[in-house]
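**Student:** Sharing start-v5.txt below, compact mmCIF, C-alpha atoms and all ligand atoms:
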```txt
# COMPACT_ATOMS: atom_id res chain seq x y z
CA MET A 1 -39.78 -25.51 -7.15
CA ASN A 2 -38.50 -22.28 -5.67
CA GLY A 3 -40.91 -19.39 -5.15
CA GLY A 4 -43.15 -20.97 -7.79
CA VAL A 5 -40.34 -21.01 -10.41
CA ASP A 6 -39.28 -24.30 -12.02
CA MET A 7 -35.52 -24.45 -12.10
CA VAL A 8 -32.58 -26.78 -12.29
CA THR A 9 -29.66 -25.89 -10.06
CA LEU A 10 -26.17 -27.14 -10.83
CA ASP A 11 -23.33 -26.53 -8.43
CA VAL A 12 -20.29 -25.67 -10.53
CA PRO A 13 -17.08 -26.66 -8.79
CA VAL A 14 -14.20 -24.17 -9.02
CA PRO A 15 -11.08 -25.74 -7.53
CA ALA A 16 -9.34 -23.03 -5.53
CA ALA A 17 -5.79 -22.40 -6.62
CA SER A 18 -3.26 -21.53 -3.96
CA LEU A 19 -2.37 -17.87 -4.27
CA GLU A 20 0.71 -18.17 -2.08
CA TYR A 21 3.77 -16.25 -3.29
CA PRO A 22 7.30 -15.70 -2.01
CA VAL A 23 8.57 -12.31 -0.89
CA ARG A 24 12.36 -12.11 -1.13
CA VAL A 25 14.09 -9.35 0.82
CA GLY A 26 17.81 -8.56 0.78
CA ALA A 27 20.55 -6.30 -0.52
CA GLY A 28 21.24 -7.17 -4.16
CA VAL A 29 18.18 -9.43 -4.55
CA LEU A 30 17.10 -7.49 -7.65
CA GLU A 31 19.76 -9.49 -9.49
CA THR A 32 17.63 -12.61 -9.02
CA LEU A 33 14.71 -11.09 -10.96
CA GLY A 34 15.51 -13.03 -14.16
CA ALA A 35 15.64 -16.42 -12.42
CA GLU A 36 12.41 -15.65 -10.55
CA ALA A 37 10.71 -14.58 -13.79
CA ARG A 38 11.81 -17.82 -15.46
CA ARG A 39 10.40 -19.86 -12.56
CA LEU A 40 7.05 -18.11 -12.94
CA ALA A 41 6.92 -18.15 -16.73
CA PRO A 42 8.77 -21.32 -17.75
CA ARG A 43 7.47 -21.08 -21.33
CA GLY A 44 7.44 -17.27 -21.49
CA ARG A 45 9.31 -15.40 -24.23
CA LYS A 46 8.56 -11.78 -23.44
CA VAL A 47 8.51 -9.53 -20.39
CA ALA A 48 6.82 -6.15 -20.08
CA LEU A 49 9.06 -4.13 -17.75
CA VAL A 50 6.98 -1.23 -16.41
CA SER A 51 8.46 1.67 -14.45
CA ASP A 52 8.37 5.46 -14.15
CA ASP A 53 10.65 8.27 -15.37
CA ASN A 54 12.55 8.43 -12.07
CA VAL A 55 13.08 4.72 -11.46
CA MET A 56 13.67 3.34 -14.98
CA PRO A 57 16.96 5.27 -15.49
CA LEU A 58 18.19 4.14 -12.05
CA TYR A 59 17.32 0.42 -11.98
CA GLY A 60 15.83 -0.42 -15.38
CA ALA A 61 19.14 -1.55 -16.90
CA SER A 62 19.99 -4.06 -14.16
CA ALA A 63 16.43 -5.46 -14.23
CA ARG A 64 16.65 -5.81 -18.00
CA THR A 65 20.08 -7.50 -17.88
CA SER A 66 18.86 -10.03 -15.34
CA LEU A 67 15.77 -10.84 -17.44
CA GLU A 68 17.73 -11.05 -20.71
CA HIS A 69 20.16 -13.40 -19.05
CA GLU A 70 17.25 -15.86 -18.75
CA GLY A 71 16.46 -15.49 -22.44
CA PHE A 72 13.52 -13.10 -22.15
CA ASP A 73 12.82 -10.52 -24.82
CA VAL A 74 12.25 -7.39 -22.68
CA PHE A 75 10.13 -4.44 -23.74
CA THR A 76 9.87 -1.38 -21.49
CA HIS A 77 6.97 0.93 -20.75
CA THR A 78 7.65 4.10 -18.76
CA ILE A 79 5.02 6.31 -17.13
CA ARG A 80 5.23 9.77 -15.57
CA PRO A 81 5.86 9.57 -11.82
CA GLY A 82 3.01 10.15 -9.39
CA GLU A 83 -0.67 9.54 -8.74
CA PRO A 84 -1.92 11.31 -11.93
CA SER A 85 -0.61 8.29 -13.87
CA LYS A 86 -3.10 5.88 -12.26
CA THR A 87 -5.77 6.66 -14.87
CA PRO A 88 -7.88 4.64 -17.32
CA ALA A 89 -6.03 6.41 -20.17
CA GLN A 90 -2.63 5.26 -18.84
CA LEU A 91 -4.00 1.75 -18.31
CA LEU A 92 -5.20 1.57 -21.94
CA ALA A 93 -1.86 2.93 -23.19
CA LEU A 94 -0.02 0.21 -21.27
CA LEU A 95 -2.38 -2.56 -22.41
CA SER A 96 -2.07 -1.39 -26.03
CA SER A 97 1.71 -1.42 -25.85
CA MET A 98 1.56 -4.97 -24.42
CA VAL A 99 -0.59 -6.08 -27.38
CA GLU A 100 1.70 -4.33 -29.86
CA ALA A 101 4.79 -5.95 -28.31
CA GLY A 102 3.14 -9.34 -28.89
CA LEU A 103 2.87 -10.34 -25.23
CA GLY A 104 0.92 -13.57 -24.72
CA ARG A 105 -0.72 -15.44 -21.85
CA GLN A 106 2.48 -17.34 -21.05
CA ASP A 107 4.44 -14.09 -20.74
CA LEU A 108 5.07 -11.92 -17.72
CA LEU A 109 4.88 -8.35 -16.46
CA VAL A 110 7.35 -6.80 -14.02
CA ALA A 111 6.36 -3.71 -12.00
CA LEU A 112 9.53 -1.82 -11.03
CA GLY A 113 8.73 1.27 -8.96
CA GLY A 114 6.66 2.73 -6.16
CA GLY A 115 3.01 2.06 -5.37
CA VAL A 116 1.81 3.97 -8.42
CA VAL A 117 3.68 1.70 -10.83
CA GLY A 118 2.70 -1.39 -8.81
CA ASP A 119 -1.00 -0.51 -8.75
CA LEU A 120 -1.25 0.48 -12.44
CA ALA A 121 0.96 -2.29 -13.85
CA GLY A 122 -0.51 -4.88 -11.47
CA PHE A 123 -4.01 -3.99 -12.66
CA ALA A 124 -2.85 -4.25 -16.28
CA ALA A 125 -1.53 -7.76 -15.46
CA ALA A 126 -4.89 -8.60 -13.85
CA VAL A 127 -6.94 -7.74 -16.93
CA PHE A 128 -4.57 -8.39 -19.87
CA MET A 129 -5.91 -11.54 -21.58
CA ARG A 130 -7.94 -12.17 -18.39
CA GLY A 131 -4.82 -12.13 -16.25
CA ILE A 132 -1.12 -12.86 -16.64
CA ALA A 133 1.56 -13.45 -14.01
CA PHE A 134 3.48 -10.51 -12.63
CA VAL A 135 6.37 -9.72 -10.31
CA GLN A 136 6.41 -6.75 -7.95
CA CYS A 137 9.80 -5.05 -7.55
CA PRO A 138 8.84 -2.23 -5.16
CA THR A 139 11.33 0.65 -4.94
CA THR A 140 9.80 2.94 -2.29
CA LEU A 141 9.66 1.92 1.37
CA LEU A 142 5.87 2.36 1.25
CA ALA A 143 5.56 -0.01 -1.71
CA GLN A 144 7.99 -2.50 -0.14
CA ILE A 145 6.08 -2.94 3.11
CA ASP A 146 2.56 -2.08 2.01
CA ALA A 147 1.46 -1.58 -1.61
CA SER A 148 3.25 -4.63 -3.07
CA ILE A 149 1.87 -6.98 -0.40
CA GLY A 150 -1.70 -8.25 -0.41
CA GLY A 151 -2.70 -8.40 -4.07
CA LYS A 152 -4.72 -5.19 -4.33
CA VAL A 153 -4.20 -3.41 -7.64
CA ALA A 154 -6.16 -0.42 -8.91
CA ILE A 155 -6.46 2.79 -10.87
CA ASP A 156 -8.28 6.03 -10.02
CA LEU A 157 -11.34 7.64 -11.58
CA PRO A 158 -12.09 11.39 -11.57
CA GLN A 159 -14.60 10.60 -8.77
CA GLY A 160 -12.01 9.10 -6.43
CA LYS A 161 -8.93 6.99 -5.78
CA ASN A 162 -8.71 3.24 -6.43
CA LEU A 163 -12.30 2.98 -7.67
CA VAL A 164 -11.47 0.41 -10.35
CA GLY A 165 -9.28 -2.51 -9.39
CA ALA A 166 -8.89 -6.17 -8.59
CA PHE A 167 -7.35 -8.66 -6.26
CA HIS A 168 -4.51 -10.04 -8.40
CA PHE A 169 -1.76 -11.60 -6.34
CA PRO A 170 1.82 -11.31 -7.63
CA GLY A 171 3.77 -14.45 -8.47
CA SER A 172 6.64 -13.07 -6.47
CA VAL A 173 7.79 -9.88 -4.71
CA ILE A 174 11.44 -8.87 -4.87
CA ILE A 175 12.49 -6.28 -2.30
CA ASP A 176 15.98 -4.82 -2.52
CA PRO A 177 16.62 -2.29 0.29
CA GLN A 178 19.62 -0.93 -1.65
CA VAL A 179 17.27 0.92 -3.99
CA LEU A 180 16.15 3.05 -1.05
CA ARG A 181 19.50 4.89 -1.19
CA SER A 182 18.18 7.04 -4.02
CA LEU A 183 14.76 7.55 -2.41
CA PRO A 184 14.32 11.09 -1.00
CA ASP A 185 14.02 11.28 2.82
CA GLU A 186 10.48 12.60 2.59
CA GLU A 187 9.37 9.51 0.64
CA LEU A 188 11.22 7.26 3.09
CA GLY A 189 9.29 8.94 5.92
CA CYS A 190 5.98 8.07 4.22
CA GLY A 191 6.93 4.40 4.37
CA LEU A 192 7.96 4.74 8.01
CA ALA A 193 4.46 5.94 8.92
CA GLU A 194 3.01 2.71 7.49
CA MET A 195 5.71 0.67 9.21
CA LEU A 196 4.83 2.33 12.51
CA LYS A 197 1.19 1.45 11.79
CA HIS A 198 2.09 -2.26 11.44
CA GLY A 199 3.95 -2.14 14.75
CA LEU A 200 1.13 -0.31 16.57
CA LEU A 201 -1.45 -2.77 15.26
CA PHE A 202 0.35 -6.04 15.71
CA SER A 203 3.67 -5.87 17.56
CA PRO A 204 5.08 -3.83 20.46
CA ARG A 205 8.45 -5.40 19.65
CA HIS A 206 8.47 -4.20 16.02
CA THR A 207 7.40 -0.74 17.20
CA GLN A 208 10.34 -0.54 19.58
CA ALA A 209 12.82 -1.93 17.02
CA LEU A 210 11.65 0.67 14.51
CA LEU A 211 12.10 3.56 16.93
CA ASP A 212 15.51 2.32 18.04
CA ALA A 213 16.63 2.13 14.41
CA ALA A 214 15.38 5.53 13.19
CA ASP A 215 18.85 6.97 12.54
CA ALA A 216 20.13 3.76 10.90
CA ILE A 217 17.08 3.76 8.62
CA TYR A 218 17.71 7.32 7.45
CA ALA A 219 21.37 6.31 6.93
CA ARG A 220 19.98 3.51 4.66
CA GLU A 221 21.83 0.74 6.55
CA ALA A 222 20.94 -2.28 4.44
CA ASP A 223 20.94 -4.94 7.16
CA VAL A 224 18.70 -2.81 9.42
CA LEU A 225 16.33 -2.14 6.53
CA THR A 226 16.25 -5.83 5.52
CA SER A 227 15.29 -6.85 9.04
CA LEU A 228 12.62 -4.18 9.59
CA VAL A 229 11.14 -4.50 6.09
CA SER A 230 10.83 -8.30 6.43
CA THR A 231 9.12 -7.99 9.82
CA SER A 232 6.69 -5.38 8.52
CA VAL A 233 5.92 -7.47 5.41
CA GLY A 234 5.30 -10.50 7.65
CA LEU A 235 2.89 -8.56 9.85
CA LYS A 236 0.89 -7.21 6.92
CA ALA A 237 0.93 -10.57 5.11
CA ALA A 238 -0.39 -12.37 8.19
CA CYS A 239 -3.28 -9.90 8.43
CA VAL A 240 -4.04 -10.31 4.70
CA ALA A 241 -3.89 -14.11 5.01
CA ARG A 242 -6.63 -14.01 7.66
CA ASP A 243 -8.90 -12.05 5.29
CA PRO A 244 -7.49 -12.07 1.72
CA MET A 245 -10.53 -10.54 -0.01
CA GLU A 246 -11.34 -8.01 2.74
CA ARG A 247 -14.68 -9.54 3.74
CA SER A 248 -14.27 -9.76 7.49
CA SER A 249 -15.21 -6.98 9.89
CA ASP A 250 -11.97 -7.34 11.84
CA GLY A 251 -9.47 -8.49 9.19
CA ARG A 252 -7.86 -6.28 6.54
CA VAL A 253 -9.98 -3.39 7.75
CA LEU A 254 -7.58 -3.07 10.72
CA LEU A 255 -4.96 -1.84 8.25
CA ASN A 256 -7.02 1.36 8.05
CA LEU A 257 -5.55 2.46 11.39
CA GLY A 258 -4.65 6.15 10.97
CA HIS A 259 -6.22 6.30 7.51
CA THR A 260 -9.70 7.69 8.27
CA VAL A 261 -8.39 10.99 9.62
CA GLY A 262 -5.23 10.69 7.49
CA HIS A 263 -7.18 10.60 4.21
CA ALA A 264 -9.36 13.50 5.34
CA LEU A 265 -6.32 15.66 6.22
CA GLU A 266 -4.65 14.67 2.95
CA ALA A 267 -7.76 15.68 1.00
CA VAL A 268 -8.10 19.09 2.66
CA ALA A 269 -4.36 19.85 2.80
CA GLY A 270 -3.93 19.33 -0.96
CA PHE A 271 -0.25 19.05 -1.85
CA GLU A 272 1.00 20.24 1.54
CA LEU A 273 0.90 16.77 3.12
CA ARG A 274 2.20 13.57 1.53
CA HIS A 275 0.01 10.50 2.08
CA GLY A 276 2.35 8.90 4.63
CA GLN A 277 2.70 12.15 6.56
CA ALA A 278 -1.09 12.42 6.76
CA VAL A 279 -1.27 8.80 7.95
CA GLY A 280 1.23 9.68 10.70
CA LEU A 281 -1.08 12.47 11.90
CA GLY A 282 -3.97 10.02 11.57
CA LEU A 283 -2.13 7.63 13.92
CA ARG A 284 -1.89 10.40 16.49
CA ALA A 285 -5.61 11.06 15.99
CA ALA A 286 -6.35 7.36 16.59
CA ALA A 287 -4.27 7.51 19.77
CA ARG A 288 -6.17 10.59 20.99
CA ILE A 289 -9.53 8.96 20.28
CA SER A 290 -8.42 5.74 22.00
CA ASP A 291 -7.35 7.78 25.05
CA ARG A 292 -10.44 9.99 25.19
CA THR A 293 -12.92 7.12 24.80
CA ARG A 294 -11.02 5.23 27.52
CA THR A 295 -10.45 2.44 25.03
CA SER A 296 -6.82 2.71 26.14
CA ALA A 297 -5.40 3.52 29.56
CA GLY A 298 -4.82 7.11 28.39
CA HIS A 299 -1.13 6.73 27.51
CA LEU A 300 -1.17 6.37 23.73
CA GLU A 301 -1.14 9.92 22.41
CA VAL A 302 2.09 10.81 24.21
CA LEU A 303 3.67 7.58 23.05
CA ILE A 304 2.69 7.97 19.41
CA THR A 305 3.58 11.67 19.25
CA GLY A 306 7.06 10.76 20.48
CA ALA A 307 7.28 8.02 17.86
CA LEU A 308 6.36 10.41 15.04
CA GLU A 309 9.01 12.88 16.20
CA ARG A 310 11.62 10.13 16.42
CA LEU A 311 10.76 9.06 12.86
CA ARG A 312 11.04 12.70 11.64
CA LEU A 313 7.37 12.84 10.67
CA PRO A 314 4.96 15.75 11.19
CA SER A 315 3.23 15.37 14.56
CA ASP A 316 1.40 18.66 15.18
CA LEU A 317 -2.15 17.37 14.75
CA ASP A 318 -3.76 20.41 16.39
CA ALA A 319 -2.14 22.82 13.93
CA TRP A 320 -3.76 20.85 11.09
CA LEU A 321 -7.12 20.53 12.85
CA GLU A 322 -7.23 24.24 13.73
CA GLY A 323 -6.14 25.26 10.25
CA THR A 324 -9.02 23.34 8.67
CA PRO A 325 -12.65 24.49 8.78
CA GLY A 326 -14.84 21.91 10.58
CA PRO A 327 -17.40 21.29 7.82
CA GLU A 328 -14.64 20.76 5.25
CA LEU A 329 -12.95 18.18 7.43
CA GLU A 330 -16.26 16.54 8.30
CA ARG A 331 -17.12 16.26 4.61
CA ALA A 332 -13.72 14.76 3.86
CA LEU A 333 -14.12 12.36 6.78
CA SER A 334 -17.39 11.03 5.49
CA HIS A 335 -16.31 11.28 1.80
CA ASP A 336 -19.81 12.26 0.87
CA LYS A 337 -22.34 14.60 2.50
CA LYS A 338 -25.07 12.00 2.28
CA ARG A 339 -23.14 9.62 4.49
CA GLU A 340 -22.50 12.06 7.32
CA ALA A 341 -25.04 10.41 9.62
CA ASN A 342 -23.68 6.94 8.90
CA THR A 343 -21.36 5.13 11.18
CA MET A 344 -18.02 3.84 9.97
CA SER A 345 -15.58 1.30 11.36
CA TYR A 346 -12.99 3.40 13.13
CA ILE A 347 -9.80 1.57 14.14
CA ALA A 348 -8.59 2.39 17.64
CA LEU A 349 -6.12 0.80 20.05
CA VAL A 350 -6.48 -0.68 23.51
CA ASP A 351 -2.70 -0.71 23.61
CA VAL A 352 0.19 -1.20 21.20
CA GLY A 353 -0.52 -4.52 19.48
CA ARG A 354 -4.22 -4.56 20.48
CA PRO A 355 -6.47 -2.97 17.82
CA VAL A 356 -10.26 -2.65 18.14
CA VAL A 357 -13.00 -1.56 15.75
CA LEU A 358 -15.26 1.25 17.06
CA PRO A 359 -18.44 2.21 15.20
CA MET A 360 -18.36 6.03 14.88
CA THR A 361 -19.78 8.86 12.80
CA ALA A 362 -17.67 11.65 11.29
CA ASP A 363 -19.25 13.92 13.88
CA ASP A 364 -18.14 11.64 16.77
CA ILE A 365 -14.59 11.64 15.44
CA LEU A 366 -14.40 15.44 15.13
CA ARG A 367 -15.92 15.97 18.57
CA LEU A 368 -13.39 13.62 20.17
CA LEU A 369 -10.46 15.19 18.37
CA ARG A 370 -11.21 18.83 19.16
N1 LIG B 401 -2.22 -1.74 -3.51
C1 LIG B 401 -2.13 -1.44 -2.24
O1 LIG B 401 -2.40 -2.27 -1.36
C2 LIG B 401 -1.64 -0.08 -1.85
C3 LIG B 401 -1.31 0.19 -0.52
C4 LIG B 401 -0.81 1.45 -0.20
C5 LIG B 401 -0.66 2.40 -1.21
N2 LIG B 401 -1.01 2.11 -2.50
C6 LIG B 401 -0.84 3.08 -3.57
O2 LIG B 401 0.53 3.40 -3.68
C7 LIG B 401 0.65 4.70 -4.25
C8 LIG B 401 1.71 5.46 -3.49
O3 LIG B 401 2.93 4.76 -3.60
P1 LIG B 401 4.34 5.45 -3.33
O4 LIG B 401 4.28 6.21 -2.06
O5 LIG B 401 5.35 4.40 -3.53
O6 LIG B 401 4.39 6.59 -4.46
P2 LIG B 401 5.03 6.68 -5.92
O7 LIG B 401 4.91 5.42 -6.64
O8 LIG B 401 4.41 7.90 -6.52
O9 LIG B 401 6.57 6.97 -5.62
C9 LIG B 401 6.94 8.15 -4.97
C10 LIG B 401 8.04 8.89 -5.72
O10 LIG B 401 9.29 8.23 -5.52
C11 LIG B 401 9.92 7.97 -6.76
N3 LIG B 401 10.74 6.77 -6.57
C12 LIG B 401 10.30 5.51 -6.43
N4 LIG B 401 11.31 4.69 -6.10
C13 LIG B 401 12.42 5.45 -6.07
C14 LIG B 401 13.78 5.18 -5.79
N5 LIG B 401 14.20 3.97 -5.39
N6 LIG B 401 14.67 6.20 -5.85
C15 LIG B 401 14.25 7.44 -6.18
N7 LIG B 401 12.97 7.76 -6.44
C16 LIG B 401 12.08 6.78 -6.37
C17 LIG B 401 8.79 7.86 -7.74
O11 LIG B 401 9.22 8.10 -9.05
C18 LIG B 401 7.83 8.92 -7.22
O12 LIG B 401 8.24 10.19 -7.70
C19 LIG B 401 -0.72 5.33 -4.18
O13 LIG B 401 -1.27 5.36 -5.47
C20 LIG B 401 -1.52 4.39 -3.29
O14 LIG B 401 -2.89 4.36 -3.65
C21 LIG B 401 -1.47 0.88 -2.82
```
What does this structure look like when you write it as structure tokens?
**Tutor:**
Amino acid sequence: MNGGVDMVTLDVPVPAASLEYPVRVGAGVLETLGAEARRLAPRGRKVALVSDDNVMPLYGASARTSLEHEGFDVFTHTIRPGEPSKTPAQLLALLSSMVEAGLGRQDLLVALGGGVVGDLAGFAAAVFMRGIAFVQCPTTLLAQIDASIGGKVAIDLPQGKNLVGAFHFPGSVIIDPQVLRSLPDEELGCGLAEMLKHGLLFSPRHTQALLDAADAIYAREADVLTSLVSTSVGLKAACVARDPMERSSDGRVLLNLGHTVGHALEAVAGFELRHGQAVGLGLRAAARISDRTRTSAGHLEVLITGALERLRLPSDLDAWLEGTPGPELERALSHDKKREANTMSYIALVDVGRPVVLPMTADDILRLLR
């Protein structure tokens, strides 16, 4: 009897599968895609190779050759580049083309592109026939060190970004730094902001290595990129492993460092700031708040401003704060007027490598920044 209700309770066991997956990083590693796909789909016949209009012409042919070499019948699906492609309509178009191509549960999807392709195609893999295996082949620095790691896949709704999604871990991630040669500097910079974030959160050593290597990174030196990308992936993966489904109050949430103010600036700046550039300014904001609340010893803003300059990222936070009306920024900070009085988990730093969670309202944040 429970609350006066007669009931029978059965505990249904669900054996937990290991969701571990390899991440392979190295110049030329894209050539191993076919062998990796065969390992993941030993009985598979078809592969859906998903990319965008910029990336497919550059790397689609070598991905296809590698897959065909392993006997896969490859069909391609190409989307328009950019965030507007992460829509329900694009998801349905991709799922329909997978049905029409005769893809089955034993088959595989390959996401070849930046975070937009990875998120959309990964979500299609999560829901197609209740989930099929997929490989992430990230081609932007941001996707290599961030979006392809951790199993989050999603699309946007008119009401906001990433509102429909899943945790669907890839079978494998293949990261070839050589593809970054064709990536515009501005996009590379966006990835560097996230890389700096990993260093600031978890590793003074990675932070220093990144700053020392700034020129080599922009020169696309493959061995330097391989080393820094693998370290950054390792730092993010370790954080995800502690809290895979984002349920802890001091796990994956730490990865939001720089994102609270970053997202708000991105929202009010429209197309003037790329996401990574806004995150860079958000990192400076986190440093200022850490200094002004005496969470840190007062040294972080100077340090992080210097880091942003070294990495060729925008650093003039005050110009953006002054150029934005307070209420607009406050609204963007709290996403929704109704939540303005609510506290949020703001990620600050005691020092490089020592993050803390501070409960704060949008109003607190603005007051401390101005
Ligand atoms: N799932 C996650 O955990 C996670 C984490 C961070 C970001 N994201 C998502 O990632 C997306 C942003 O990803 P992004 O910054 O990679 O953007 P993107 O996918 O739009 O790529 C940026 C641009 O670079 C081009 N491009 C990609 N690779 C190239 C290459 N090698 N050479 C030349 N051009 C190339 C693309 O065509 C595009 O025009 C957002 O939708 C964001 O929500 C997801």
**Student:** Leaving out Val23 in chain A and any residue of its chain fewer than 5 positions from it, which residues lie within 9 Å of it when counting all atoms listed in the file, given as an MDAnalysis selection string?
**Tutor:** chainID A and resid 149 172:175 230 233
**Student:** For the atom pair CA of Arg181 in chain A and CA of His69 in chain A, what is the interatomic distance in Å to one decimal place?
**Tutor:**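 Between these atoms lies a distance of 25.6 Å.
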**Student:** Counting all atoms listed in the file, what are the residues, protein, DNA or RNA alike, that approach ligand LIG 401 (chain B) to within 6 Å? I want them as a list in words.
**Tutor:** Asp52, Asn54, Val55, Pro81, Gly82, Glu83, Gly113, Gly114, Gly115, Val116, Val117, Asp119, Thr139, Thr140, Leu142, Ala143, Asp146, Ala147, Lys152, Val153, Val179, Leu180, Ser182 and Leu183 of chain A
**Student:** I'd like to know which of A:Gly150, A:Gly189, A:Gly353, A:Gly234 is closest to His275 in chain A, using only C-alpha atoms.
**Tutor:** A:Gly189
**Student:** To one decimal place, how far is CA of Asn162 in chain A from CA of Cys190 in chain A in Å?
**Tutor:**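 Distance between the two atoms: 18.8 Å.
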**Student:** So that I can see what lies close to Thr32 in chain A, please list as a VMD selection string the residues with an atom at most 12 Å from it, counting only C-alpha atoms and leaving out residues fewer than 5 positions away in the same chain.
**Tutor:** chain A and resid 24 to 27 37 to 39 62 to 70 135 137 172 to 176
**Student:** If we count only C-alpha atoms and set the cut-off at 10 Å, which residues sit around range 248-253 of chain A, ignoring sequence neighbours fewer than 2 positions away in its own chain? Please answer as a PyMOL selection string.
**Tutor:** chain A and resi 150+236-246+255-257+345-347+355-357
**Student:** Work out how far apart CA of Leu303 in chain A and CA of Ile365 in chain A are and give it in Å to one decimal.
**Tutor:**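 Value for the CA of Leu303 in chain A-CA of Ile365 in chain A distance: 20.2 Å.
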**Student:** When you look at Ala307 in chain A with a cut-off of 12 Å (counting all atoms listed in the file), what residues show up, excluding the ones that are within fewer than 6 positions of it in the same chain? I need them as a compact mmCIF listing (two decimals) with C-alpha atoms, in the coordinates of the input.
**Tutor:**
```txt
# COMPACT_ATOMS: atom_id res chain seq x y z
CA LEU A 192 7.96 4.74 8.01
CA ALA A 193 4.46 5.94 8.92
CA MET A 195 5.71 0.67 9.21
CA LEU A 196 4.83 2.33 12.51
CA LYS A 197 1.19 1.45 11.79
CA GLY A 199 3.95 -2.14 14.75
CA LEU A 200 1.13 -0.31 16.57
CA THR A 207 7.40 -0.74 17.20
CA GLN A 208 10.34 -0.54 19.58
CA ALA A 209 12.82 -1.93 17.02
CA LEU A 210 11.65 0.67 14.51
CA LEU A 211 12.10 3.56 16.93
CA ASP A 212 15.51 2.32 18.04
CA ALA A 213 16.63 2.13 14.41
CA ALA A 214 15.38 5.53 13.19
CA GLY A 280 1.23 9.68 10.70
CA LEU A 281 -1.08 12.47 11.90
CA LEU A 283 -2.13 7.63 13.92
CA ARG A 284 -1.89 10.40 16.49
CA ALA A 287 -4.27 7.51 19.77
CA LEU A 300 -1.17 6.37 23.73
CA GLU A 301 -1.14 9.92 22.41
CA LEU A 313 7.37 12.84 10.67
CA PRO A 314 4.96 15.75 11.19
CA SER A 315 3.23 15.37 14.56
```
**Student:** Using only C-alpha atoms, find the one residue out of A:His77, A:Arg247, A:Arg331, A:Arg205 that sits nearest to Val261 in chain A.
**Tutor:**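 Using only C-alpha atoms, the shortest distance to Val261 in chain A belongs to A:Arg331.
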**Student:** Considering all atoms listed in the file, state which residue in the set A:Ala348, A:Ala216, A:Leu235, A:Leu92 is at the smallest distance from Pro204 in chain A.
**Tutor:**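 Of the candidates, the smallest distance to Pro204 in chain A is held by A:Leu235.
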**Student:** Hey, which of A:Phe202, A:Tyr218, A:Tyr21, A:Phe72 ends up closest to Pro170 in chain A? Count all atoms listed in the file.
**Tutor:**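 Closest residue, counting all atoms listed in the file: A:Tyr21.
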**Student:** Using only C-alpha atoms, which of A:Pro177, A:Pro184, A:Gly122, A:Gly262 sits nearest Glu221 in chain A?
**Tutor:**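 Distance minimum relative to Glu221 in chain A lands on A:Pro177.
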**Student:** Can you pull out every residue within 10 Å of His168 in chain A, counting all atoms listed in the file, but drop anything in the same chain fewer than 6 positions away, and send it as a PyMOL selection string?
**Tutor:** chain A and resi 19+122-127+131-134+150-154
